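Q: Provided herewith is a single structure, encoded as structure tokens, for subsequent inquiry.
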Amino acid sequence: MANVVIVGTQWGDEGKGKIVDLLTESADTVVRFQGGHNAGHTLVIEGKKYVLHLIPSGILRAGKVCAIGNGVVLDPAAIIEEIDKLAGQEVTVSGSTFKISSLTNLIMPYHRELDQARERRKGKGKIGTTGRGIGPAYEDKVARRGIRLGDLYNQQVFESKLRDNLSYHNFMLENFYDSQTFSFEAIRDDYLRMAEILAPFVDDVALLLSKDIAAGRSILLEGAQGTMLDVEHGTYPFVTSSTTIASSACSGTGIGPTAIDYVLGITKAYTTRVGSGPFPTELFDGVGEHLSNVGGEVGATTGRSRRCGWFDAVVVGHAARVNGLTGLALTKLDVLDGLKSLKICVAYERNGMRIDAIPSDPSILEACEPVYEEMPGWSESTVGCKSLDSLPQQARDYIRRLEELVGTPVAILSTGPDREETLILDNPFSK
């Protein structure tokens with residue numbers, strides 16, 4: 001038995017979905033612990049493409065239980081759409097294989113409108129959110145006015161909370177943002193309708209996980225986004241609205257920290273970012289175009305092109321510390337195939353001063369220049385390599401240098417998009 005946490009170590013989009021899908025073979029239960037449907041996982045299994053946003057990718061394996069923990073904010077319409085889409089791909093999602101915590105806070109229509117209205121108001125200074133209401137939903141949660149999934153099954157409580165929320169949010173939308181307002185009856189009726197559809201999935205996820213632990217079953221805890229989008233330790237304010245690091249796996253599901261056996265950090269062999277905010281190693285040249293085109297760097301959820309740059313060891317080293325990483329899963333190594341030379345950011349420089357850690361002030365990070373080490377690239381293809389020895393020597397040297405700089409060993413190496421194109425050097429579930 002082992003309980004494993006999976007987190008992103010950069011700005012998200014590191015390939016967590018594929019690694020979660022791969023490791024689910026060794027897990028009994030897969031649970032998502034934070035974020036909303038602003039995240040996305042693209043998986044290719046036997047040539048067939050699946051795009052998931054909320055449901056853990058373990059749903060694609062028979063005999064596994066998947067769950068959404070209380071740390072997630074849930075748009076009922078989005079989860080119903082995802083269930084229906086999977087059904088269209090012949091993947092059955094039932095109440096026995098998929099559970100949603102009754103404590104999960106809901107995203108409401110006014111949250112989406114607030115999200116988009118704020119971005120419009122900020123203009124060029126916008127954060128770059130997906131506009132799906134994630135941030136405002138978390139705000140209501142912290143302000144203790146959030147509506148939980150379980151509230152939908154007590155109509156009196158639901159109606160009381162909805163009236164109070166609409167009184168507050170409609171006032172702000174109309175008088176401060178000059179935006180549309182919302183009808184109590186329309187939202188009430190729509191959410192009660194969706195509550196009937198979701199009723200078979202609603203459960204006490206924390207209790208279910210505690211029973212799994214007591215019975216010696218293995219749990220895979222899946223995060224969304226990445227460490228640098230963490231609201232506490234990321235490039236604030238250009239971050240998401242939840243805690244994306246490993247410690248959130250406990251608060252977002254209701255299990256204790258002593259139950260965690262391994263923390264796996266998913267890391268691209270280069271760096272990408274979606275949205276606004278500092279990005280020291282961003283490239284605007286032919287190499288950047290290569291990474292974008294060969295890596296297929298388009299968001300699975302938003303369709304937005306990702307900004308691309310060289311591997312930043314300062315960023316991933318920061319992630320290793322704040323997450324307490326046990327091992328790394330290095331993805332998209334094959335995207336670097338054909339590049340004559342590679343660069344790794346080992347520090348930053350500002351006004352002639354070397355900086356070896358992430359500055360807390362994003363304006364300082366924005367002004368930093370990367371300090372690079374350069375290594376030779378390779379011309380051979382690494383796609384589908386079945387062993388480290390079959391990789392070009394330069395690729396093996398590159399991997400070893402990343403391990404040295406980050407201070408964390410590579411446990412898993414991905415050499416292509418398919419489930420089978422992966423080397424497991426150290427299985428987290430064997431601990």
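Going through the structure tokens in order, the chains are called A, B, and so on, while each chain numbers its residues from 1 and the ligands are numbered from 1 in the order shown.
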Contacts of segment 96-107 of chain A at 8 Å or less, counting only C-alpha atoms, minus same-chain residues fewer than 2 places along, as a ChimeraX atom specification?
A: /A:59,63-76,93-94,109,111-112,133-134,137-138,141,146-150,201-206
Q: Hey, can you spit out that residue selection with C-alpha atoms as a PDB file, in the first residue's frame?
A:
ATOM      1  CA  ILE A  59     -11.838   6.915 -14.866  1.00  0.00           C
ATOM      2  CA  GLY A  63     -12.120  -1.201 -11.534  1.00  0.00           C
ATOM      3  CA  LYS A  64     -10.909   2.141 -10.182  1.00  0.00           C
ATOM      4  CA  VAL A  65     -12.835   4.599  -8.023  1.00  0.00           C
ATOM      5  CA  CYS A  66     -12.418   8.295  -8.836  1.00  0.00           C
ATOM      6  CA  ALA A  67     -13.423  11.168  -6.587  1.00  0.00           C
ATOM      7  CA  ILE A  68     -13.588  14.944  -6.325  1.00  0.00           C
ATOM      8  CA  GLY A  69     -12.554  16.236  -2.915  1.00  0.00           C
ATOM      9  CA  ASN A  70     -13.885  19.134  -0.897  1.00  0.00           C
ATOM     10  CA  GLY A  71     -11.003  21.381  -2.009  1.00  0.00           C
ATOM     11  CA  VAL A  72     -12.372  21.572  -5.561  1.00  0.00           C
ATOM     12  CA  VAL A  73     -14.901  24.180  -6.721  1.00  0.00           C
ATOM     13  CA  LEU A  74     -17.492  22.522  -8.939  1.00  0.00           C
ATOM     14  CA  ASP A  75     -19.542  23.808 -11.845  1.00  0.00           C
ATOM     15  CA  PRO A  76     -22.433  21.290 -12.003  1.00  0.00           C
ATOM     16  CA  VAL A  93     -19.229   7.053 -15.252  1.00  0.00           C
ATOM     17  CA  SER A  94     -21.471   5.643 -12.507  1.00  0.00           C
ATOM     18  CA  PRO A 109     -23.491  31.785 -12.870  1.00  0.00           C
ATOM     19  CA  HIS A 111     -19.215  33.806 -10.329  1.00  0.00           C
ATOM     20  CA  ARG A 112     -18.511  33.459 -14.047  1.00  0.00           C
ATOM     21  CA  GLY A 133     -15.755  31.661 -12.117  1.00  0.00           C
ATOM     22  CA  ILE A 134     -13.077  29.785 -10.182  1.00  0.00           C
ATOM     23  CA  ALA A 137     -16.229  30.809  -6.068  1.00  0.00           C
ATOM     24  CA  TYR A 138     -13.185  30.435  -3.811  1.00  0.00           C
ATOM     25  CA  LYS A 141     -15.971  29.907   0.182  1.00  0.00           C
ATOM     26  CA  GLY A 146     -20.350  29.657  -0.430  1.00  0.00           C
ATOM     27  CA  ILE A 147     -23.013  27.209  -1.563  1.00  0.00           C
ATOM     28  CA  ARG A 148     -21.937  23.584  -1.188  1.00  0.00           C
ATOM     29  CA  LEU A 149     -23.074  20.664  -3.293  1.00  0.00           C
ATOM     30  CA  GLY A 150     -24.808  19.166  -0.254  1.00  0.00           C
ATOM     31  CA  PHE A 201     -22.391  10.649  -7.192  1.00  0.00           C
ATOM     32  CA  VAL A 202     -22.628  12.692  -3.971  1.00  0.00           C
ATOM     33  CA  ASP A 203     -20.879  11.138  -0.963  1.00  0.00           C
ATOM     34  CA  ASP A 204     -18.651  11.683   2.069  1.00  0.00           C
ATOM     35  CA  VAL A 205     -15.313  11.449   0.256  1.00  0.00           C
ATOM     36  CA  ALA A 206     -13.191  12.024   3.376  1.00  0.00           C
TER      37      ALA A 206
END
Q: Compile the contact shell of Gly135 of chain A as a PyMOL selection string: residues with an atom at most 8 Å away, counting only C-alpha atoms, same-chain residues fewer than 4 positions apart removed.
A: chain A and resi 111+115+139+240-241
Q: May I have the selected residues written with N, CA, C and O atoms, as a short mmCIF file (atom, residue, chain, number, x, y, z; two decimals), in the first residue's frame?
A:
data_model
loop_
_atom_site.label_atom_id
_atom_site.label_comp_id
_atom_site.auth_asym_id
_atom_site.auth_seq_id
_atom_site.Cartn_x
_atom_site.Cartn_y
_atom_site.Cartn_z
N HIS A 111 -20.67 33.90 -10.47
CA HIS A 111 -19.22 33.81 -10.33
C HIS A 111 -18.54 33.96 -11.69
O HIS A 111 -17.51 34.65 -11.79
N ASP A 115 -16.02 37.04 -12.71
CA ASP A 115 -14.68 36.73 -13.19
C ASP A 115 -14.38 37.49 -14.48
O ASP A 115 -13.32 38.14 -14.63
N GLU A 139 -13.55 32.80 -3.37
CA GLU A 139 -13.76 33.97 -2.51
C GLU A 139 -15.00 33.77 -1.63
O GLU A 139 -14.98 34.05 -0.42
N THR A 240 -3.49 31.08 -9.58
CA THR A 240 -4.87 30.62 -9.47
C THR A 240 -5.37 30.94 -8.06
O THR A 240 -4.65 31.54 -7.26
N SER A 241 -6.58 30.53 -7.74
CA SER A 241 -7.19 30.94 -6.47
C SER A 241 -7.20 29.86 -5.41
O SER A 241 -7.89 29.97 -4.40
#
Q: When distances are computed from only C-alpha atoms, which of A:Lys268, A:Arg32, A:Arg304, A:Lys126 shows the smallest separation from Ile412 of chain A?
A: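 Nearest to Ile412 of chain A: A:Lys268.
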Q: So how far away is atom CA of Glu113 of chain A from atom CA of Phe182 of chain A, in Å?
A: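 Distance between the two atoms: 9.6 Å.
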Q: Provide the atom CA of Thr253 of chain A to atom CA of Tyr50 of chain A distance in Å, to one decimal place.
A: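 A separation of 25.3 Å between them.
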Q: Work out how far atom CA of Gln394 of chain A is from atom CA of Glu380 of chain A, in Å to one decimal.
A: 10.0 Å
Q: Which residue gives the smallest distance to Asp178 of chain A among A:Ile255, A:Val314, A:Arg307, A:Leu114, with only C-alpha atoms counted?
A: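 Closest to Asp178 of chain A, using only C-alpha atoms: A:Leu114.
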Q: Please identify all polymer residues within 9 Å of Leu336 of chain A, counting only C-alpha atoms, omitting same-chain residues fewer than 2 positions from it, and present them as number ranges by chain.
A: A: 269-270, 290-291, 294-295, 332-334, 338-339, 342, 377-378, 382
Q: Select, from A:Ser218, A:Thr24, A:Ser57, A:Thr408, the residue with the minimum atom-to-atom distance to Thr42 of chain A, counting only C-alpha atoms.
A: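 Among A:Ser218, A:Thr24, A:Ser57, A:Thr408, it is A:Ser57 that comes nearest to Thr42 of chain A.
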